Structures are given as C-alpha cells and as structure tokens.
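> My structure is in data25.csv, and what it holds is CSV, C-alpha atoms and all ligand atoms:
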chain,number,residue,atom,x,y,z
X,59,MET,CA,21.8,8.9,-22.9
X,60,GLU,CA,25.3,8.5,-21.5
X,61,GLN,CA,24.0,9.7,-18.2
X,62,ILE,CA,21.5,6.8,-18.1
X,63,ARG,CA,24.3,4.3,-18.6
X,64,GLU,CA,26.4,5.9,-15.9
X,65,ASN,CA,23.4,6.0,-13.5
X,66,ILE,CA,22.7,2.3,-13.9
X,67,LYS,CA,26.4,1.4,-13.4
X,68,THR,CA,26.5,3.4,-10.1
X,69,ILE,CA,23.2,1.9,-8.9
X,70,GLN,CA,24.4,-1.7,-9.7
X,71,GLN,CA,27.6,-1.0,-7.7
X,72,GLU,CA,25.6,0.3,-4.8
X,73,ILE,CA,23.3,-2.8,-4.8
X,74,GLU,CA,26.3,-5.1,-5.1
X,75,GLY,CA,28.0,-3.3,-2.2
X,76,ALA,CA,24.9,-3.6,0.0
X,77,CYS,CA,24.6,-7.3,-0.8
X,78,ILE,CA,28.2,-7.9,0.1
X,79,ARG,CA,27.9,-6.0,3.4
X,80,MET,CA,24.8,-8.0,4.3
X,81,GLY,CA,26.0,-11.4,3.1
X,82,ARG,CA,23.2,-11.5,0.5
X,83,ARG,CA,23.6,-12.9,-2.9
X,84,ARG,CA,23.2,-10.3,-5.7
X,85,GLU,CA,20.8,-12.6,-7.5
X,86,GLU,CA,18.3,-12.2,-4.6
X,87,VAL,CA,17.7,-8.6,-5.6
X,88,THR,CA,16.0,-7.6,-8.9
X,89,LEU,CA,16.3,-4.1,-10.1
X,90,LEU,CA,13.2,-2.8,-11.8
X,91,ALA,CA,13.5,0.2,-14.1
X,92,VAL,CA,10.5,2.5,-13.4
X,93,THR,CA,9.7,3.7,-16.9
X,94,LYS,CA,6.6,5.9,-16.3
X,95,THR,CA,6.8,9.0,-18.5
X,96,ILE,CA,10.1,7.8,-20.0
X,97,ASN,CA,10.3,7.5,-23.8
X,98,PRO,CA,11.1,4.2,-25.5
X,99,THR,CA,14.5,5.4,-26.7
X,100,GLU,CA,15.6,6.0,-23.2
X,101,MET,CA,14.0,2.7,-22.1
X,102,GLN,CA,16.0,1.0,-24.8
X,103,ILE,CA,19.3,2.3,-23.3
X,104,ALA,CA,18.3,0.8,-19.9
X,105,TYR,CA,17.7,-2.5,-21.7
X,106,GLU,CA,21.1,-2.4,-23.4
X,107,GLU,CA,22.6,-1.8,-20.0
X,108,GLY,CA,21.1,-5.1,-18.8
X,109,LEU,CA,17.8,-4.0,-17.2
X,110,CYS,CA,15.1,-6.3,-18.5
X,111,HIS,CA,12.4,-5.5,-15.9
X,112,PHE,CA,10.2,-2.5,-16.7
X,113,ALA,CA,7.7,-1.1,-14.3
X,114,GLU,CA,4.8,1.3,-15.1
X,115,ASN,CA,2.3,2.9,-12.9
X,116,LYS,CA,-0.5,3.4,-15.4
X,117,VAL,CA,-2.3,0.6,-17.3
X,118,GLN,CA,-2.7,2.7,-20.5
X,119,GLU,CA,0.9,3.7,-20.7
X,120,LEU,CA,2.1,0.2,-20.1
X,121,VAL,CA,-0.2,-1.3,-22.8
X,122,ARG,CA,0.9,1.4,-25.2
X,123,LYS,CA,4.6,0.8,-24.7
X,124,GLN,CA,4.6,-3.0,-24.4
X,125,PRO,CA,4.4,-3.8,-28.2
X,126,LEU,CA,7.4,-1.5,-28.8
X,127,PHE,CA,9.7,-4.0,-27.0
X,128,SER,CA,10.7,-7.6,-27.5
X,129,GLU,CA,9.6,-10.5,-25.5
X,130,GLY,CA,12.8,-10.2,-23.5
X,131,ILE,CA,11.2,-7.6,-21.2
X,132,THR,CA,9.4,-8.6,-18.0
X,133,TRP,CA,6.6,-6.0,-17.2
X,134,HIS,CA,5.4,-4.9,-13.8
X,135,LEU,CA,2.4,-2.8,-12.9
X,136,ILE,CA,3.3,-0.8,-9.7
X,137,GLY,CA,0.6,1.9,-9.7
X,138,HIS,CA,-2.9,1.8,-8.1
X,139,LEU,CA,-5.2,-0.4,-10.2
X,140,GLN,CA,-8.9,0.4,-10.6
X,141,THR,CA,-11.2,-2.6,-11.1
X,142,ASN,CA,-12.4,-1.1,-14.5
X,143,LYS,CA,-8.8,-1.4,-15.8
X,144,VAL,CA,-8.3,-5.0,-14.7
X,145,LYS,CA,-9.4,-6.5,-18.0
X,146,ALA,CA,-6.7,-4.5,-19.9
X,147,ILE,CA,-3.8,-5.6,-17.8
X,148,VAL,CA,-4.3,-9.2,-16.6
X,149,GLY,CA,-2.1,-11.6,-18.4
X,150,LYS,CA,0.0,-8.7,-19.9
X,151,VAL,CA,2.3,-8.3,-16.8
X,152,SER,CA,4.3,-10.8,-14.9
X,153,LEU,CA,3.5,-9.1,-11.6
X,154,ILE,CA,0.9,-6.7,-10.3
X,155,HIS,CA,2.4,-5.0,-7.2
X,156,SER,CA,-0.6,-3.0,-6.0
X,157,VAL,CA,-3.4,-5.3,-4.9
X,158,ASP,CA,-4.9,-3.8,-1.8
X,159,SER,CA,-8.5,-5.2,-1.6
X,160,LEU,CA,-10.4,-8.4,-1.9
X,161,ARG,CA,-12.6,-6.8,-4.5
X,162,LEU,CA,-9.6,-6.0,-6.7
X,163,ALA,CA,-8.1,-9.5,-6.3
X,164,GLU,CA,-11.5,-11.0,-7.2
X,165,ALA,CA,-11.7,-8.9,-10.4
X,166,ILE,CA,-8.2,-10.0,-11.3
X,167,ASP,CA,-9.1,-13.6,-10.6
X,168,ASN,CA,-12.2,-13.4,-12.8
X,169,GLU,CA,-10.4,-12.0,-15.7
X,170,ALA,CA,-7.5,-14.4,-15.3
X,171,LYS,CA,-10.0,-17.3,-15.3
X,172,LYS,CA,-11.5,-16.0,-18.6
X,173,ILE,CA,-8.1,-16.0,-20.4
X,174,ASN,CA,-6.9,-19.1,-18.6
X,175,VAL,CA,-3.8,-17.7,-16.8
X,176,ILE,CA,-2.6,-17.5,-13.2
X,177,GLN,CA,-1.8,-13.9,-12.5
X,178,ASP,CA,1.0,-13.3,-10.0
X,179,ILE,CA,0.4,-10.4,-7.6
X,180,LEU,CA,1.8,-8.6,-4.6
X,181,VAL,CA,-0.3,-7.3,-1.7
X,182,GLN,CA,0.4,-3.6,-1.1
X,183,ILE,CA,0.9,-2.7,2.5
X,184,ASN,CA,0.9,0.9,3.9
X,185,VAL,CA,3.4,0.0,6.6
X,186,ALA,CA,3.8,3.6,7.7
X,187,GLU,CA,0.0,4.0,7.7
X,188,GLU,CA,0.2,7.3,5.8
X,189,GLU,CA,-3.3,8.7,5.1
X,190,THR,CA,-2.4,9.6,1.5
X,191,LYS,CA,-1.2,6.2,0.4
X,192,PHE,CA,-3.0,3.1,-0.8
X,193,GLY,CA,-2.3,-0.2,0.8
X,194,LEU,CA,-3.4,-2.3,3.8
X,195,LYS,CA,-2.8,-1.5,7.4
X,196,THR,CA,-0.7,-4.0,9.2
X,197,HIS,CA,-3.5,-5.6,11.2
X,198,GLU,CA,-5.5,-6.2,8.0
X,199,VAL,CA,-2.8,-8.2,6.2
X,200,GLU,CA,-3.3,-11.7,7.3
X,201,GLU,CA,-7.0,-11.8,6.8
X,202,LEU,CA,-6.8,-10.4,3.3
X,203,VAL,CA,-3.9,-12.8,2.4
X,204,ARG,CA,-6.1,-15.7,3.5
X,205,GLN,CA,-9.1,-14.6,1.5
X,206,ILE,CA,-7.0,-14.0,-1.7
X,207,ALA,CA,-5.3,-17.4,-1.2
X,208,LEU,CA,-8.7,-19.0,-1.9
X,209,LEU,CA,-8.9,-17.5,-5.4
X,210,LYS,CA,-7.6,-20.0,-7.9
X,211,ASN,CA,-6.3,-17.8,-10.7
X,212,VAL,CA,-4.3,-15.3,-8.7
X,213,ARG,CA,-1.2,-16.2,-6.8
X,214,ILE,CA,0.3,-14.0,-4.0
X,215,GLN,CA,4.1,-13.8,-4.5
X,216,GLY,CA,4.8,-11.4,-1.6
X,217,PHE,CA,4.4,-7.8,-0.6
X,218,MET,CA,5.0,-4.3,-1.8
X,219,THR,CA,5.3,-1.1,0.1
X,220,ILE,CA,5.9,2.5,-0.8
X,221,ALA,CA,7.9,4.1,2.1
X,222,PRO,CA,7.3,7.7,3.0
X,223,TYR,CA,9.2,10.4,1.2
X,224,VAL,CA,12.0,11.3,3.7
X,225,VAL,CA,15.0,13.5,3.8
X,226,SER,CA,17.4,10.8,4.9
X,227,ALA,CA,16.9,7.2,3.8
X,228,GLU,CA,17.8,6.0,7.3
X,229,GLU,CA,14.4,7.3,8.4
X,230,ASN,CA,12.8,4.5,6.4
X,231,ARG,CA,14.9,1.7,7.9
X,232,PRO,CA,12.3,1.0,10.6
X,233,ILE,CA,9.6,0.9,7.9
X,234,PHE,CA,11.5,-1.6,5.8
X,235,ARG,CA,12.4,-3.7,8.9
X,236,LYS,CA,8.7,-3.8,9.9
X,237,MET,CA,7.7,-4.8,6.4
X,238,LYS,CA,10.3,-7.6,6.4
X,239,GLN,CA,8.9,-8.8,9.7
X,240,ILE,CA,5.3,-9.0,8.4
X,241,PHE,CA,6.7,-10.8,5.3
X,242,VAL,CA,8.5,-13.4,7.5
X,243,ASP,CA,5.4,-13.8,9.8
X,244,ILE,CA,3.1,-14.6,6.9
X,245,LYS,CA,5.7,-16.8,5.2
X,246,GLU,CA,5.9,-18.9,8.4
X,247,LYS,CA,2.2,-19.5,8.3
X,248,ASN,CA,2.7,-21.5,5.1
X,249,ILE,CA,-0.7,-20.6,3.6
X,250,ASP,CA,-1.8,-22.7,0.7
X,251,ASN,CA,-1.5,-21.0,-2.7
X,252,VAL,CA,0.7,-18.2,-1.2
X,253,SER,CA,4.4,-18.2,-2.2
X,254,MET,CA,6.1,-15.6,-0.1
X,255,ASN,CA,9.3,-14.9,-2.2
X,256,THR,CA,9.1,-11.3,-3.2
X,257,LEU,CA,9.5,-8.1,-1.2
X,258,SER,CA,9.1,-5.0,-3.4
X,259,MET,CA,10.5,-2.0,-1.5
X,260,GLY,CA,13.1,0.7,-2.0
X,261,MET,CA,13.1,3.5,-4.6
X,262,THR,CA,15.6,6.1,-5.7
X,263,HIS,CA,16.2,7.8,-2.4
X,264,ASP,CA,16.2,4.7,-0.1
X,265,TYR,CA,17.0,1.6,-2.2
X,266,ILE,CA,20.3,0.9,-0.4
X,267,VAL,CA,18.7,0.8,3.0
X,268,ALA,CA,15.9,-1.4,1.4
X,269,VAL,CA,18.5,-3.9,0.2
X,270,GLU,CA,20.1,-3.9,3.7
X,271,GLU,CA,16.7,-4.7,5.2
X,272,GLY,CA,15.8,-7.5,2.8
X,273,ALA,CA,14.2,-6.1,-0.3
X,274,THR,CA,14.1,-8.5,-3.3
X,275,MET,CA,12.8,-6.0,-5.8
X,276,LEU,CA,13.8,-2.4,-6.1
X,277,ARG,CA,11.7,0.1,-8.1
X,278,ILE,CA,14.0,2.9,-9.4
X,279,GLY,CA,13.0,5.6,-11.8
X,280,THR,CA,14.6,9.0,-11.2
X,281,GLY,CA,17.9,7.4,-10.2
X,282,ILE,CA,18.2,5.8,-13.6
X,283,PHE,CA,16.5,8.3,-16.0
X,284,GLY,CA,16.8,11.6,-14.1
X,285,GLU,CA,14.0,13.8,-12.9
X,286,ARG,CA,10.7,13.1,-14.7
X,287,ILE,CA,9.2,15.9,-16.8
X,288,THR,CA,5.4,15.5,-16.4
X,301,LIG,C1,7.4,6.3,-9.5
X,301,LIG,C2,7.4,5.1,-8.6
X,301,LIG,C3,8.6,4.6,-8.2
X,301,LIG,C4,10.0,5.1,-8.6
X,301,LIG,O1,10.2,6.3,-7.9
X,301,LIG,P1,11.6,7.1,-8.0
X,301,LIG,O2,11.7,7.9,-6.8
X,301,LIG,O3,11.6,7.8,-9.3
X,301,LIG,O4,12.7,6.0,-8.0
X,301,LIG,C5,8.6,3.4,-7.4
X,301,LIG,N1,7.4,2.9,-7.0
X,301,LIG,C6,6.2,3.4,-7.4
X,301,LIG,C7,4.9,2.7,-7.0
X,301,LIG,C8,6.2,4.5,-8.3
X,301,LIG,O5,5.0,5.0,-8.7
Could you write out this file's structure as structure tokens?
Ligand SMILES: *Cc1c(COP(=O)(O)O)cnc(C)c1O

Amino acid sequence: MEQIRENIKTIQQEIEGACIRMGRRREEVTLLAVTKTINPTEMQIAYEEGLCHFAENKVQELVRKQPLFSEGITWHLIGHLQTNKVKAIVGKVSLIHSVDSLRLAEAIDNEAKKINVIQDILVQINVAEEETKFGLKTHEVEELVRQIALLKNVRIQGFMTIAPYVVSAEENRPIFRKMKQIFVDIKEKNIDNVSMNTLSMGMTHDYIVAVEEGATMLRIGTGIFGERIT
C-alpha cells in the first residue's frame, strides 16, 4: 500500500519534470490509473493520492467496479471494444479510447442516441503498424474521422495509440512524434463535430518520452500498482 503511494509521488515528479523541460503546463497532462486486475482497496489508495481517473480494458470489469466508487471518479475504457459490448458501456464512461472502425462508432452512436447522451471517444491509431495491434493505419485516419464526424451522438476528442513494447523508451520517441503530427494535421482541418484536444499515449515504460512529445493523457498501470498478477 505504501509502495503505491510512493510510486504515484515518483511518477508525478517525473511528469512535472518533463513538463518543465518542455515548457508545458502540468494541467495539460492527465494521469490515468490503469486499474485492470487491481482490487478496489488498492484503487482507493490511488484515489487518496489524488488520482481520480481510472482506466479499465474490459467492459465487465469496469461495470463491476464502478458502483464501488463515488461519483468523483472519471472512468475510461482503454481496451478493445466489441460491438456486442457497446450497450453495456455507453454513457458509463467519460471516454472510450479504442474506437477503430466505422462499424463500432455507429454502434456507439446508436446506443448513445437511445439513452440521449453524447459519447466522447478517441480514435485508436496503430502508428507503428504492428500486425498484432488494433487501430487504424495512418493513411486510413482522415477518412474514418470524417465519417465518424457525421454521427450526431459520438464526439471525437482526439487519438489514442499503444506504442510497441521496447527496451528503451527512446525507441518510441519517433512513434509519439508521428502520432502528434497526425493529431496536429487533423486538428488543422477543423472538421465539424471533431474536437482535437486529447492525445492518449504513454504507459509505464515510456510515459516520460510521451509527455515530451505532446501526450495529454498517460495510461499507467504497472508503474503505480506494481506487476499485475493475472
Ligand atoms: C494495460 C494497459 C496500459 C497500462 O500498461 P502498463 O504498462 O501497466 O502501464 C495502458 N494502455 C492500455 C490500452 C492497456 O491495456
């Protein structure tokens, strides 16, 4: 428990340091606690240490844990979402990070319409074009953004990427830089119903580099809670 508190303090200092180096304001960067497989007692510690954004990768786990916490938590779905799970999650999370097809965006839009909400989403991009990962290829991004922008009950807030697992975080710098460039390019197109303000990138092993390259949301699990036992 004490370790979790220590971990969070260290990470906060690193984020602040990176912001200072880059001339960024600390408020531009939101730290998400990735709470998959983590028990509510440990999650509560993170909350006490000031982390009020929780991110889960599975719909069922998120829905099960959500009632255990107060309204003060902002919930994020960061894992791959199947269309048959959409109904269970729309309206329950402030942001879905993992939209990677028009079909999925349409399913979210349909469900959001039914319950009369606007669901904020990020489009997931596979910048490194790894075979094993979900997400759009770079050349597919603009067309999909334009198609999703026509849906009334979803709103694109930005992009998410999962960078490759690498030995040295520096290896991911070009990936983050490319992601930022795609983000800026789409932002400059000023597409109706698209607000480009969120760039979700950077995990335990590479979040400092991600902040340096413009991330606005960091998704950190192991770095906060320790190795996951699954
Ligand atoms: C698990 C997970 C993370 C956090 O990974 P850590 O290496 O434990 O920080 C971030 N993003 C996604 C999509 C994840 O599934």
> Determine the nearest neighbour of Gly281 of chain X from the options X:Ala91, X:Leu209, X:Ile147, X:Cys77, counting all atoms listed in the file.
X:Ala91
> Pick out the residues no farther than 7 Å from ligand LIG 301 (chain X), counting only C-alpha atoms and all ligand atoms, and list them as a count of residues only.
14
> Please identify all polymer residues within 12 Å of Thr141 of chain X, counting only C-alpha atoms, omitting same-chain residues fewer than 4 positions from it, and present them as a PyMOL selection string.
chain X and resi 117+145-148+156-169
> Distance atom CA of Glu85 of chain X-atom CA of Gly149 of chain X, one decimal place?
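These two atoms are separated by 25.4 Å.
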> Using only C-alpha atoms, find all polymer residues with an atom at most 10 Å away from the point (4.8, -10.8, 6.2); report them as a PyMOL selection string.
chain X and resi 183+196+199-200+203+216-217+236-247+254+257
> How about saving the chosen residues, C-alpha atoms kept, as a PDB file, in the coordinates of the input?

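The new file result.pdb reads:
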ATOM      1  CA  ILE X 183       0.900  -2.700   2.500  1.00  0.00           C
ATOM      2  CA  THR X 196      -0.700  -4.000   9.200  1.00  0.00           C
ATOM      3  CA  VAL X 199      -2.800  -8.200   6.200  1.00  0.00           C
ATOM      4  CA  GLU X 200      -3.300 -11.700   7.300  1.00  0.00           C
ATOM      5  CA  VAL X 203      -3.900 -12.800   2.400  1.00  0.00           C
ATOM      6  CA  GLY X 216       4.800 -11.400  -1.600  1.00  0.00           C
ATOM      7  CA  PHE X 217       4.400  -7.800  -0.600  1.00  0.00           C
ATOM      8  CA  LYS X 236       8.700  -3.800   9.900  1.00  0.00           C
ATOM      9  CA  MET X 237       7.700  -4.800   6.400  1.00  0.00           C
ATOM     10  CA  LYS X 238      10.300  -7.600   6.400  1.00  0.00           C
ATOM     11  CA  GLN X 239       8.900  -8.800   9.700  1.00  0.00           C
ATOM     12  CA  ILE X 240       5.300  -9.000   8.400  1.00  0.00           C
ATOM     13  CA  PHE X 241       6.700 -10.800   5.300  1.00  0.00           C
ATOM     14  CA  VAL X 242       8.500 -13.400   7.500  1.00  0.00           C
ATOM     15  CA  ASP X 243       5.400 -13.800   9.800  1.00  0.00           C
ATOM     16  CA  ILE X 244       3.100 -14.600   6.900  1.00  0.00           C
ATOM     17  CA  LYS X 245       5.700 -16.800   5.200  1.00  0.00           C
ATOM     18  CA  GLU X 246       5.900 -18.900   8.400  1.00  0.00           C
ATOM     19  CA  LYS X 247       2.200 -19.500   8.300  1.00  0.00           C
ATOM     20  CA  MET X 254       6.100 -15.600  -0.100  1.00  0.00           C
ATOM     21  CA  LEU X 257       9.500  -8.100  -1.200  1.00  0.00           C
TER      22      LEU X 257
END
> Name the closest residue to Leu135 of chain X among the candidates X:Lys150, X:Lys171, X:Arg122, X:Lys195; distances are taken between atoms, counting only C-alpha atoms.
X:Lys150
> Between atom CA of Ile249 of chain X and atom CA of Met218 of chain X, what distance in Å does the model show, to one decimal?
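Value for the atom CA of Ile249 of chain X-atom CA of Met218 of chain X distance: 18.1 Å.
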> Hey, can you check how far atom CA of Asn211 of chain X sits from atom CA of Val175 of chain X?
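Interatomic distance, atom CA of Asn211 of chain X to atom CA of Val175 of chain X: 6.6 Å.
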> Out of X:Thr68, X:Ser226, X:Asn251, X:Thr99, which residue has the shortest atom-to-atom distance to Ile206 of chain X when counting only C-alpha atoms?
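Of X:Thr68, X:Ser226, X:Asn251, X:Thr99, the one nearest Ile206 of chain X, counting only C-alpha atoms, is X:Asn251.
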> Tell me which protein, DNA and RNA residues are within 8 Å of Asn184 of chain X, counting all atoms listed in the file, leaving out same-chain ones fewer than 3 positions away, and put them as a PyMOL selection string.
chain X and resi 187-188+191-196+219-221
> Using only C-alpha atoms, what residues lie at most 12 Å away from (13.5, 4.7, -26.6) (file coordinates), given as a ChimeraX atom specification?
/X:59,62,93,95-106,123-124,126-127,283
> List as an NGL selection string the protein and nucleic acid residues near Gly272 of chain X, meaning an atom at most 9 Å away when only C-alpha atoms are counted, but skip any in the same chain fewer than 5 places from it.
:X and (82 or 87 or 234-235 or 238 or 257 or 259 or 267)
> Measuring between all atoms listed in the file, which one of X:Val144, X:Ala268, X:Arg83, X:Val121 shows the shortest distance to Ala227 of chain X?
X:Ala268
> Rank X:Val269, X:His155, X:Tyr223, X:Arg204 by their smallest atom-to-atom distance to Asn248 of chain X, using all atoms listed in the file, and report the top residue only.
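Under the stated criterion, the closest residue is X:Arg204.
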> From the list X:Thr190, X:Gln61, X:Thr274, X:Gln215, which residue is nearest Leu153 of chain X when using all atoms listed in the file?
X:Gln215
> Taking 5 positions as the minimum chain separation for residues in the same chain, which residues sit within 10 Å of Thr88 of chain X when counting all atoms listed in the file? Answer as a VMD selection string.
chain X and resid 73 109 to 111 256 258 273 to 277
